[in-house]
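Participant: Handing you this structure, nothing more for now.
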Amino acid sequence: MNSLYNEFGLPLPPTDLMVLVALTLARTVPALFMNPFLGGQLVSTRIKMGLAMAFTIILLPMLFAIDKPVPQGVPFFFLMIKEVVIGVTIGFITSVVFLGFGAAGRLVDTQRGANMAESMVYQLKERASVFGNFYVQVAIVVFLILDGHHLFISAFIRSFEILPVWEFPNFTGPGEPIVTDLARLTADLFTIAIQLGAPAVITLFVTDVSFGIVNRASPQVNVFNLSQPVKMFLGIVMIVIVLRILIDQMQVWMGTMLAFLGKAIGYLGQ
């Protein structure tokens, strides 16, 4: 190992470099694996691990900038935990809005009586209704078209500049804003679902009221059987009509997510 170290002129001994690479992967792997726009379960683990290694190679110049002894033993263990927590937090932040989009679609399908029809959304690693899956796929396409993945990569690399893998965060800093913002972000999941599902849900609610009036006027009419195909059709028509508005709102929420991601990464340096 030392002969290779001398031959290639590495700025760090191989053992120290392996420690830093392991710490980098501990942050990179969960952050990438939890991202819906990177394919989720549709992309094989080998490809995602290769992508994580590519990120690590890109970050090597930052690793070479270490100005203190490479942590070993117990400090290394706690640093690994710290890196995993940071990676999971970044992955969670980027996935919340997509979970909200899926919840909006499920809300629409519940109102139109089609919530029992489900399919696997591999990007989110969970099952979703028909429109829930549709909302998520549209959101991922919009996110990639807007180069949102480039903004995510920039923010992710910035996290290593603000808090290198060999340093601990400042535990004496203000912790309440971080917890409050994460709670607010989680609450936004329900806001997204209600906002994006509202046009179709309101239309279907008015349809239910209309059929209720018909049922009061003509009790002999089988309103339930008549209403199901009508609600199915109206739900699809309403989504098509307001699709452009939904995409605009998705862009707004994606911008909010990226802004919050940058803010959360900024907390690491406080």
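Here, A, B, ... name the chains of the structure tokens in the order displayed, residue numbers run from 1 inside each chain, and ligands are numbered from 1 in the same displayed order.
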When you look at segment 29-35 of chain A with a cut-off of 12 Å (counting only C-alpha atoms), what residues show up, excluding the ones that are within fewer than 3 positions of it in the same chain? I need them as a VMD selection string.

Facilitator: chain A and resid 21 to 26 38 to 56 81 83 to 99 122 to 125 140 143 148 to 149 152 to 153 155 to 157 159 261

Participant: Name the residues in contact with segment 102-119 of chain A at a cut-off of 8 Å, using only C-alpha atoms, excluding same-chain residues fewer than 2 positions from it; report them as a count of residues only.

Facilitator: 30

Participant: Determine, counting only C-alpha atoms, which protein, DNA and RNA residues have an atom within 9 Å of an atom of segment 207-209 of chain A; residues of the same chain fewer than 3 positions away are not included. Present the result as a list in words.

Facilitator: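 Listing them by chain and then by number gives Ile202, Thr203, Leu204, Gly212, Ile213, Val214, Ser227, Val230, Lys231 and Leu234 of chain A.
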
Participant: Kindly indicate which residue among A:Pro13, A:His150, A:Val19, A:Ala139 lies nearest to Arg244 of chain A, using only C-alpha atoms for the distances.

Facilitator: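 Looking at the shortest contact to Arg244 of chain A, the residue is A:Ala139.
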
Participant: As a ChimeraX atom specification, please: the residues near Leu79 of chain A (cut-off 8 Å, only C-alpha atoms, same-chain neighbours under 3 positions excluded).

Facilitator: /A:23,75-76,82-83,165-168
